[in-house]
file query_38.txt (compact mmCIF, C-alpha atoms (C1' of nucleotides))
# COMPACT_ATOMS: atom_id res chain seq x y z
CA MET A 1 5.34 6.72 -50.83
CA LYS A 2 6.46 6.52 -47.21
CA SER A 3 8.51 9.36 -45.77
CA VAL A 4 11.76 8.66 -43.94
CA THR A 5 10.06 9.67 -40.69
CA GLU A 6 7.12 7.37 -41.32
CA LYS A 7 9.47 4.46 -41.88
CA ARG A 8 11.29 5.25 -38.64
CA LEU A 9 8.06 5.51 -36.68
CA LEU A 10 6.80 2.22 -38.07
CA ARG A 11 10.12 0.56 -37.28
CA ILE A 12 9.79 1.73 -33.68
CA TYR A 13 6.19 0.51 -33.61
CA ASN A 14 7.03 -2.89 -35.05
CA ARG A 15 9.89 -3.44 -32.61
CA MET A 16 7.61 -2.78 -29.67
CA TYR A 17 4.78 -4.83 -31.11
CA ASP A 18 7.08 -7.79 -31.77
CA ALA A 19 8.39 -7.58 -28.20
CA TYR A 20 5.11 -7.13 -26.34
CA GLY A 21 2.23 -7.83 -28.71
CA PRO A 22 -1.16 -6.09 -28.62
CA GLN A 23 -1.83 -4.20 -25.39
CA ASP A 24 -5.63 -4.18 -25.64
CA TRP A 25 -6.09 -0.64 -24.35
CA TRP A 26 -7.70 1.21 -22.57
CA PRO A 27 -8.01 -1.06 -19.50
CA ALA A 28 -11.65 -0.16 -18.74
CA ASP A 29 -15.14 -1.57 -19.25
CA SER A 30 -16.88 1.61 -20.38
CA ALA A 31 -16.28 5.03 -21.91
CA PHE A 32 -17.02 6.67 -18.58
CA GLU A 33 -14.45 4.50 -16.85
CA VAL A 34 -11.88 5.58 -19.47
CA MET A 35 -12.65 9.22 -18.70
CA LEU A 36 -12.31 8.72 -14.95
CA GLY A 37 -9.05 6.89 -15.41
CA ALA A 38 -7.70 9.58 -17.75
CA ILE A 39 -8.16 12.22 -15.06
CA LEU A 40 -7.04 10.07 -12.14
CA THR A 41 -3.85 8.93 -13.84
CA GLN A 42 -2.48 12.47 -14.21
CA ASN A 43 1.10 12.23 -12.98
CA THR A 44 0.16 9.04 -11.16
CA SER A 45 1.02 5.37 -11.59
CA TRP A 46 -1.80 3.30 -13.06
CA HIS A 47 -1.51 0.86 -10.17
CA ASN A 48 -2.76 3.53 -7.77
CA VAL A 49 -5.50 4.60 -10.18
CA GLU A 50 -6.82 1.04 -10.21
CA LYS A 51 -7.31 1.20 -6.45
CA ALA A 52 -9.32 4.39 -6.75
CA ILE A 53 -11.49 3.01 -9.55
CA LYS A 54 -12.05 -0.17 -7.57
CA ASN A 55 -13.31 1.92 -4.65
CA ILE A 56 -15.79 3.63 -6.96
CA LYS A 57 -16.85 0.30 -8.48
CA ASP A 58 -17.26 -1.38 -5.10
CA ALA A 59 -19.45 1.50 -3.96
CA GLY A 60 -21.65 0.93 -7.01
CA LEU A 61 -20.91 4.43 -8.27
CA LEU A 62 -19.24 3.76 -11.61
CA ASN A 63 -21.97 5.61 -13.45
CA VAL A 64 -22.11 9.24 -14.59
CA ARG A 65 -25.36 10.21 -12.89
CA LYS A 66 -24.58 8.37 -9.67
CA LEU A 67 -21.04 9.64 -9.29
CA ALA A 68 -22.14 13.20 -10.08
CA CYS A 69 -24.39 13.09 -7.01
CA VAL A 70 -21.63 12.00 -4.63
CA PRO A 71 -20.62 14.77 -2.20
CA LEU A 72 -17.14 16.19 -2.72
CA ASN A 73 -15.76 14.85 0.56
CA ARG A 74 -16.92 11.32 -0.18
CA LEU A 75 -15.46 11.54 -3.66
CA LYS A 76 -12.12 12.59 -2.17
CA LYS A 77 -12.08 9.53 0.09
CA LEU A 78 -12.97 7.20 -2.77
CA ILE A 79 -10.13 8.40 -4.99
CA LYS A 80 -7.58 8.91 -2.23
CA PRO A 81 -5.22 6.10 -3.32
CA SER A 82 -4.63 7.82 -6.66
CA GLY A 83 -2.99 10.81 -4.97
CA PHE A 84 -3.64 14.54 -5.47
CA TYR A 85 -7.12 13.65 -4.30
CA ASN A 86 -8.23 17.15 -3.32
CA ILE A 87 -7.53 18.62 -6.73
CA LYS A 88 -8.59 15.52 -8.66
CA ALA A 89 -11.96 15.39 -6.90
CA LEU A 90 -12.56 18.97 -8.05
CA ARG A 91 -11.46 18.06 -11.56
CA LEU A 92 -13.89 15.14 -11.65
CA LYS A 93 -16.65 17.44 -10.41
CA ASN A 94 -15.77 19.98 -13.11
CA PHE A 95 -15.84 17.26 -15.73
CA MET A 96 -19.16 15.81 -14.60
CA GLY A 97 -20.62 19.32 -14.42
CA PHE A 98 -19.60 19.72 -18.05
CA LEU A 99 -21.25 16.41 -18.99
CA LYS A 100 -24.49 17.51 -17.34
CA LYS A 101 -24.50 21.02 -18.77
CA MET A 102 -23.52 20.13 -22.34
CA TYR A 103 -24.97 16.65 -22.81
CA GLY A 104 -27.40 15.95 -19.97
CA TYR A 105 -25.03 13.14 -18.94
CA SER A 106 -25.59 11.43 -22.30
CA LEU A 107 -22.31 10.01 -23.60
CA ASN A 108 -24.19 8.97 -26.74
CA LYS A 109 -24.95 12.60 -27.50
CA MET A 110 -21.35 13.46 -26.78
CA ARG A 111 -20.23 10.71 -29.14
CA LYS A 112 -21.95 12.43 -32.07
CA VAL A 113 -19.85 15.60 -31.78
CA GLU A 114 -17.10 16.23 -34.31
CA THR A 115 -13.59 15.58 -33.01
CA ASP A 116 -12.10 19.09 -33.15
CA ILE A 117 -15.14 20.61 -31.46
CA LEU A 118 -15.16 17.94 -28.77
CA ARG A 119 -11.45 18.45 -28.16
CA ASN A 120 -11.92 22.17 -27.65
CA GLU A 121 -14.82 21.54 -25.30
CA LEU A 122 -12.74 19.13 -23.24
CA LEU A 123 -9.82 21.56 -23.11
CA SER A 124 -12.12 24.27 -21.77
CA ILE A 125 -12.71 22.22 -18.62
CA SER A 126 -10.40 23.15 -15.75
CA GLY A 127 -8.33 20.08 -14.97
CA ILE A 128 -8.33 18.64 -18.50
CA GLY A 129 -5.22 19.39 -20.53
CA LYS A 130 -4.10 18.12 -23.90
CA GLU A 131 -3.00 14.66 -22.86
CA THR A 132 -6.14 13.97 -20.85
CA ALA A 133 -8.40 15.33 -23.62
CA ASP A 134 -6.62 13.30 -26.29
CA SER A 135 -6.73 10.14 -24.14
CA ILE A 136 -10.49 10.55 -23.83
CA LEU A 137 -10.89 11.20 -27.58
CA LEU A 138 -8.81 8.20 -28.59
CA TYR A 139 -9.71 5.64 -25.96
CA ALA A 140 -13.29 6.56 -25.04
CA PHE A 141 -14.50 7.79 -28.45
CA GLU A 142 -12.21 5.96 -30.86
CA ARG A 143 -11.06 9.13 -32.63
CA SER A 144 -7.77 9.09 -34.53
CA VAL A 145 -5.98 11.47 -32.15
CA PHE A 146 -2.43 10.64 -31.08
CA VAL A 147 -1.82 10.86 -27.33
CA ILE A 148 1.49 12.42 -26.27
CA ASP A 149 2.89 11.83 -22.81
CA ALA A 150 6.25 12.15 -21.09
CA TYR A 151 7.30 8.69 -22.36
CA THR A 152 6.46 9.57 -25.95
CA LYS A 153 8.46 12.78 -25.81
CA ARG A 154 11.37 10.92 -24.29
CA ILE A 155 11.37 8.24 -26.96
CA LEU A 156 11.13 10.67 -29.88
CA TYR A 157 13.90 12.74 -28.34
CA ARG A 158 16.05 9.65 -27.85
CA HIS A 159 15.56 8.81 -31.50
CA GLY A 160 16.41 12.31 -32.63
CA LEU A 161 12.98 13.08 -34.05
CA VAL A 162 12.30 16.11 -31.82
CA GLY A 163 14.28 18.47 -29.60
CA LYS A 164 14.63 17.91 -25.88
CA ASP A 165 11.87 20.28 -24.83
CA ALA A 166 9.57 19.94 -27.83
CA GLU A 167 6.03 21.13 -27.20
CA TYR A 168 3.03 18.82 -27.16
CA ASP A 169 1.66 19.93 -30.54
CA ARG A 170 5.04 19.55 -32.18
CA VAL A 171 5.48 15.98 -30.91
CA GLN A 172 1.93 15.11 -31.87
CA GLY A 173 2.54 16.48 -35.35
CA ILE A 174 5.42 14.06 -35.90
CA PHE A 175 2.95 11.20 -35.62
CA THR A 176 -0.12 12.66 -37.29
CA GLU A 177 1.75 14.24 -40.17
CA ASN A 178 3.68 11.10 -40.97
CA LEU A 179 1.30 8.25 -40.20
CA LYS A 180 -2.06 7.56 -41.80
CA ARG A 181 -5.03 8.47 -39.61
CA ASP A 182 -5.71 5.08 -38.07
CA THR A 183 -7.40 4.85 -34.71
CA GLY A 184 -6.27 1.27 -34.17
CA LEU A 185 -2.66 2.15 -34.92
CA TYR A 186 -2.72 5.23 -32.66
CA ASN A 187 -4.31 3.22 -29.88
CA GLU A 188 -1.73 0.46 -30.02
CA PHE A 189 1.23 2.75 -30.64
CA HIS A 190 0.66 4.83 -27.52
CA ALA A 191 -0.12 1.79 -25.41
CA LEU A 192 3.08 0.10 -26.56
CA ILE A 193 5.11 3.20 -25.73
CA VAL A 194 3.77 3.13 -22.18
CA ARG A 195 4.37 -0.61 -21.95
CA THR A 196 7.93 -0.28 -23.23
CA ALA A 197 8.65 2.55 -20.82
CA LYS A 198 7.37 0.48 -17.92
CA GLU A 199 9.78 -2.33 -18.67
CA LYS A 200 13.14 -2.39 -16.98
CA CYS A 201 15.06 -0.20 -19.37
CA LYS A 202 12.52 2.62 -19.07
CA SER A 203 13.68 3.61 -22.56
CA ARG A 204 16.28 5.84 -20.98
CA ALA A 205 19.70 4.27 -21.13
CA PRO A 206 21.13 4.72 -24.64
CA ASP A 207 23.08 1.49 -24.30
CA CYS A 208 20.22 -0.58 -22.89
CA LYS A 209 20.46 -4.10 -24.33
CA THR A 210 17.01 -5.35 -23.44
CA CYS A 211 14.99 -2.43 -24.79
CA PRO A 212 13.23 -3.41 -28.02
CA LEU A 213 14.07 0.03 -29.38
CA ASN A 214 17.80 -0.45 -28.98
CA GLY A 215 19.44 0.08 -32.34
CA VAL A 216 16.29 1.20 -34.13
C1' DG B 217 14.64 7.22 2.58
C1' DA B 218 14.92 8.99 -2.03
C1' DC B 219 12.81 8.69 -6.24
C1' DC B 220 9.17 8.06 -9.46
C1' DA B 221 4.43 7.72 -11.58
C1' DG B 222 0.16 7.32 -18.36
C1' DG B 223 -0.45 16.26 -15.83
C1' DC B 224 -2.45 20.47 -14.90
C1' DA B 225 -3.24 25.18 -13.35
C1' DC B 226 -1.42 29.10 -11.59
C1' DA B 227 2.16 32.60 -10.10
C1' DT B 228 5.96 35.10 -11.36
C1' DC B 229 9.33 37.11 -14.22
C1' DG C 230 6.64 32.99 -23.77
C1' DA C 231 9.28 30.43 -20.33
C1' DT C 232 10.20 28.74 -16.00
C1' DG C 233 9.00 27.25 -11.28
C1' DT C 234 5.79 25.28 -7.91
C1' DG C 235 1.97 22.82 -5.44
C1' DC C 236 -0.73 18.95 -5.56
C1' DA C 237 -0.19 13.31 -2.49
C1' DT C 238 -0.46 8.40 -2.54
C1' DG C 239 1.92 3.99 -2.87
C1' DG C 240 5.54 1.01 -5.10
C1' DT C 241 10.52 0.12 -5.86
call {"tool": "encode", "arguments": {"input": "query_38.txt", "output": "structure tokens"}}
result
Amino acid sequence: MKSVTEKRLLRIYNRMYDAYGPQDWWPADSAFEVMLGAILTQNTSWHNVEKAIKNIKDAGLLNVRKLACVPLNRLKKLIKPSGFYNIKALRLKNFMGFLKKMYGYSLNKMRKVETDILRNELLSISGIGKETADSILLYAFERSVFVIDAYTKRILYRHGLVGKDAEYDRVQGIFTENLKRDTGLYNEFHALIVRTAKEKCKSRAPDCKTCPLNGV
DNA sequence: GACCAGGCACATC
DNA sequence: GATGTGCATGGT
């Protein structure tokens, strides 16, 4: 028996899927690249993040052990195009220090850890908040964790499912308490929200005619 | 030239 | 607990 909210969420999902199709997220070739991107994209357009990741790739450093050895100042230069490079370089260092300390740089060991424990570990790292942690859990480790970002809050607010300043956990609960735990669905749903938001209407104007969510 | 982008930590009240 | 602020590049 589907709840009213579940039906609404699925209607939103289907509209976006029909308009844009599968998004094939996360745009990365490895779990480590997902993690780098998740930190670099904090309050930053993906376009700029791609430049930073390309710099790291071109330098042959897209590898946990290699990148961990790069001096801070060189790391700053490599990620400069993604903005906030001073603070983000420190965050990457914090994160890689965590990987070394907890897992000896082994993402396979990390992969064996239970989701709630892993989430708490990630949140304990300075520079990794809920959205970044959940992005890593969903897109690097295929866990059924719903990622909430500014777009998601905006869309749920626009559709009257949460209040204007609803907290992260509250917004996340709307999805996880009403949808079945399905990693593939969560993956595609969040990706489609970002895609929809990037289109012209930005999912903002209530009277937008081109938005696939208009009238849902 | 203003505004925005796939947040987060920290200071202050 | 809530609100405000710094962090910075590059595209529109």
call {"tool": "interface_residues", "arguments": {"input": "query_38.txt", "of": "chain B", "to": "chain A", "cutoff": "12 Å", "atoms": "only C-alpha atoms (C1' of nucleotides)", "output": "PDB file with C-alpha atoms (C1' of nucleotides), in the coordinates of the input"}}
result
ATOM      1  C1'  DC B 220       9.170   8.060  -9.460  1.00  0.00           C
ATOM      2  C1'  DA B 221       4.430   7.720 -11.580  1.00  0.00           C
ATOM      3  C1'  DG B 222       0.160   7.320 -18.360  1.00  0.00           C
ATOM      4  C1'  DG B 223      -0.450  16.260 -15.830  1.00  0.00           C
ATOM      5  C1'  DC B 224      -2.450  20.470 -14.900  1.00  0.00           C
ATOM      6  C1'  DA B 225      -3.240  25.180 -13.350  1.00  0.00           C
ATOM      7  C1'  DC B 226      -1.420  29.100 -11.590  1.00  0.00           C
TER       8       DC B 226
END
call {"tool": "interface_residues", "arguments": {"input": "query_38.txt", "of": "chain C", "to": "chain A", "cutoff": "8 Å", "atoms": "all atoms listed in the file", "output": "number ranges by chain"}}
result
C: 236-239
call {"tool": "atom_distance", "arguments": {"input": "query_38.txt", "atom1": "atom CA of Arg11 of chain A", "atom2": "atom CA of Val145 of chain A"}}
result
20.1 Å
call {"tool": "residues_near_point", "arguments": {"input": "query_38.txt", "point": "(-10.1, 12.0, -27.2)", "cutoff": "10 Å", "atoms": "all atoms listed in the file", "output": "number ranges by chain"}}
result
A: 35, 115-116, 118-119, 122, 130-147
call {"tool": "atom_distance", "arguments": {"input": "query_38.txt", "atom1": "atom CA of Pro22 of chain A", "atom2": "atom CA of Phe189 of chain A"}}
result
9.4 Å
call {"tool": "atom_distance", "arguments": {"input": "query_38.txt", "atom1": "atom CA of Lys2 of chain A", "atom2": "atom CA of Lys180 of chain A"}}
result
10.1 Å
call {"tool": "residues_around", "arguments": {"input": "query_38.txt", "residues": "Glu188 of chain A", "least_positions_apart": "5", "cutoff": "10 Å", "atoms": "all atoms listed in the file", "output": "CSV table (one decimal) with C-alpha atoms, in the frame of the given file"}}
result
chain,number,residue,atom,x,y,z
A,13,TYR,CA,6.2,0.5,-33.6
A,16,MET,CA,7.6,-2.8,-29.7
A,17,TYR,CA,4.8,-4.8,-31.1
A,21,GLY,CA,2.2,-7.8,-28.7
A,22,PRO,CA,-1.2,-6.1,-28.6
A,23,GLN,CA,-1.8,-4.2,-25.4
A,24,ASP,CA,-5.6,-4.2,-25.6
A,25,TRP,CA,-6.1,-0.6,-24.4
A,26,TRP,CA,-7.7,1.2,-22.6
A,183,THR,CA,-7.4,4.8,-34.7
A,193,ILE,CA,5.1,3.2,-25.7
A,194,VAL,CA,3.8,3.1,-22.2
call {"tool": "decode", "arguments": {"input": "query_38.txt", "residues": "chain C", "atoms": "C-alpha atoms (C1' of nucleotides)", "output": "CSV table (one decimal), in the first residue's frame"}}
result
chain,number,residue,atom,x,y,z
C,230,DG,C1',19.3,26.3,19.0
C,231,DA,C1',19.5,29.8,15.4
C,232,DT,C1',21.7,33.0,12.7
C,233,DG,C1',25.6,35.2,10.3
C,234,DT,C1',30.1,34.9,8.0
C,235,DG,C1',34.4,33.4,5.5
C,236,DC,C1',36.0,30.6,2.1
C,237,DA,C1',37.3,31.7,-4.1
C,238,DT,C1',37.1,30.2,-8.8
C,239,DG,C1',34.8,30.5,-13.3
C,240,DG,C1',30.4,30.6,-16.1
C,241,DT,C1',26.2,33.2,-17.3
